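Only one structure is covered here, and it is reproduced in the block below.
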Amino acid sequence: MNFANLFSKNNKHNGNQNVSHGNHIDAGTLTRKNVELIIKRREKISQEEFTKGYDLIKKYPLSVSILGSARFDENNIYYKKAHSLAYKIVKELKYAVVTGGGPGIMEAANKGAKEAGGASLGMVIKLPKEQSVNKYLTEYVEFEYFFTRKTLLYFSAEAYIYFPGGFGTLDELFEILTLTQTKKITRTPVILVGRDFWTPFLELLKQKLAVENDTIDMADTEIYKIVDSEDEIIEIIKKGPYREE
């Protein structure tokens with residue numbers, strides 16, 4: 001794509017780009033009008049998504065966001081642990097459990113929350129290869145854009161609990177670490193479940209970022225905590241600050 005000519009008044013080619021769910025633009029020459037239409041459409045959709053997501057989450061003043069891989073099945077040890085932990089959070093704390101609403105860890109956490117008789121909420125992303133919505137949600141909202149979905153996943157949570165996962169889980173983790181590091185959100189418990197998974201990964205990051213290159217402060221590595229004990233996680237959530245943003 002020739003960006004030099006993107007907004008040129010001499011650009012008379014309309015192109016044949018298609019927008020699929022607003023998430024990508026096929027190759028082609030864009031005109032100023034095309035870009036304006038895309039921006040307006042995305043602005044409208046994102047505003048609607050923020051409104052729907054907020055209307056849902058504001059009904060539940062206390063919540064915990066649980067994130068992790070969509071690929072684990074019910075036989076996986078982390079699936080079982082997410083199910084058990086979510087059940088305990090609802091039974092003991094009466095908090096709502098919020099996930100991305102899909103399979104894997106999300107399904108496990110929603111299943112535990114629903115079986116405990118609590119609010120089992122989902123912030124579901126629309127994908128080109130349709131992601132199934134798990135059957136354990138008591139309420140959910142669908143999102144076209146990752147950035148609006150992530151904002152609502154984080155909105156007013158009393159704790160963020162991360163199970164092992166892939167790029168998506170890491171993306172969600174690093175966003176919350178960055179928001180906390182830069183003081184864009186109130187410091188809130190960030191709990192990593194799965195010591196065998198997280199420890200070598202985070203030790204490598206600490207060595208490369210804090211020790212060798214000084215790209216983060218050593219104190220930044222204290223934003224998160226690796227915890228496998230369900231009782232300890234419950235106590236951390238109890239002692240955490242209530243979010244008021």
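Letters A, B, ... go to the chains of the structure tokens in the order shown; residues in each chain start at 1; ligands are counted from 1 in the same order.
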Next item on the list: Name the residues in contact with Asn75 (chain A) at a cut-off of 12 Å, using only C-alpha atoms, excluding same-chain residues fewer than 5 positions from it; report them as a ChimeraX atom specification.
Entry: /A:80-83,104-105,108
Filtering to C-alpha atoms, could you give me those residues as a PDB file, in the first residue's frame?
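Resulting contents of part18.pdb:
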ATOM      1  CA  LYS A  80      -9.606 -28.554  36.787  1.00  0.00           C
ATOM      2  CA  LYS A  81      -7.862 -25.968  38.948  1.00  0.00           C
ATOM      3  CA  ALA A  82      -9.625 -23.031  37.258  1.00  0.00           C
ATOM      4  CA  HIS A  83     -12.962 -24.753  37.811  1.00  0.00           C
ATOM      5  CA  GLY A 104     -10.565 -23.939  27.890  1.00  0.00           C
ATOM      6  CA  ILE A 105      -9.714 -22.016  31.057  1.00  0.00           C
ATOM      7  CA  ALA A 108     -13.631 -24.027  33.374  1.00  0.00           C
TER       8      ALA A 108
END
Per residue of region 61-126 of chain A within 6 Å of region 149-170 of chain A, which atom pair is closest and at what distance in Å (one decimal), using only C-alpha atoms, listed by chain and increasing number, as a tab-separated table?
residue	atom	partner	partner_atom	distance
A:Ser63	CA	A:Ala157	CA	5.1
A:Val64	CA	A:Ala159	CA	5.1
A:Ser65	CA	A:Tyr160	CA	5.0
A:Ile66	CA	A:Ile161	CA	4.8
A:Leu67	CA	A:Tyr162	CA	4.9
A:Gly68	CA	A:Phe163	CA	4.6
A:Ser69	CA	A:Gly165	CA	3.9
Output the selection as a PDB file, in the first residue's frame - N, CA and C atoms for each residue.
ATOM      1  N   SER A  63     -15.864  -8.295  41.383  1.00  0.00           N
ATOM      2  CA  SER A  63     -15.623  -9.337  40.380  1.00  0.00           C
ATOM      3  C   SER A  63     -14.143  -9.672  40.307  1.00  0.00           C
ATOM      4  N   VAL A  64     -13.875 -10.852  39.766  1.00  0.00           N
ATOM      5  CA  VAL A  64     -12.513 -11.316  39.509  1.00  0.00           C
ATOM      6  C   VAL A  64     -12.441 -11.741  38.054  1.00  0.00           C
ATOM      7  N   SER A  65     -11.402 -11.308  37.345  1.00  0.00           N
ATOM      8  CA  SER A  65     -11.198 -11.717  35.960  1.00  0.00           C
ATOM      9  C   SER A  65     -10.243 -12.907  35.925  1.00  0.00           C
ATOM     10  N   ILE A  66     -10.664 -13.986  35.264  1.00  0.00           N
ATOM     11  CA  ILE A  66      -9.838 -15.188  35.141  1.00  0.00           C
ATOM     12  C   ILE A  66      -9.526 -15.422  33.670  1.00  0.00           C
ATOM     13  N   LEU A  67      -8.228 -15.538  33.353  1.00  0.00           N
ATOM     14  CA  LEU A  67      -7.791 -15.647  31.971  1.00  0.00           C
ATOM     15  C   LEU A  67      -6.840 -16.821  31.807  1.00  0.00           C
ATOM     16  N   GLY A  68      -6.743 -17.329  30.582  1.00  0.00           N
ATOM     17  CA  GLY A  68      -5.861 -18.461  30.316  1.00  0.00           C
ATOM     18  C   GLY A  68      -6.176 -19.083  28.972  1.00  0.00           C
ATOM     19  N   SER A  69      -5.505 -20.170  28.669  1.00  0.00           N
ATOM     20  CA  SER A  69      -5.597 -20.791  27.351  1.00  0.00           C
ATOM     21  C   SER A  69      -7.001 -21.287  27.018  1.00  0.00           C
TER      22      SER A  69
END
Check: So which residues touch Ser132 (chain A) within 10 Å, counting only C-alpha atoms, skipping near sequence neighbours fewer than 3 positions away, as a ChimeraX atom specification?
Finding: /A:101-103,124-127,129,135
Check: Taking the backbone alone, and naming residues the way the document does, which bits of region 83-245 of chain A are helix (DSSP H, G or I) by DSSP, as a PyMOL selection string?
Finding: chain A and resi 83-93+105-115+146-154+167-181+195-212+218-222+230-239
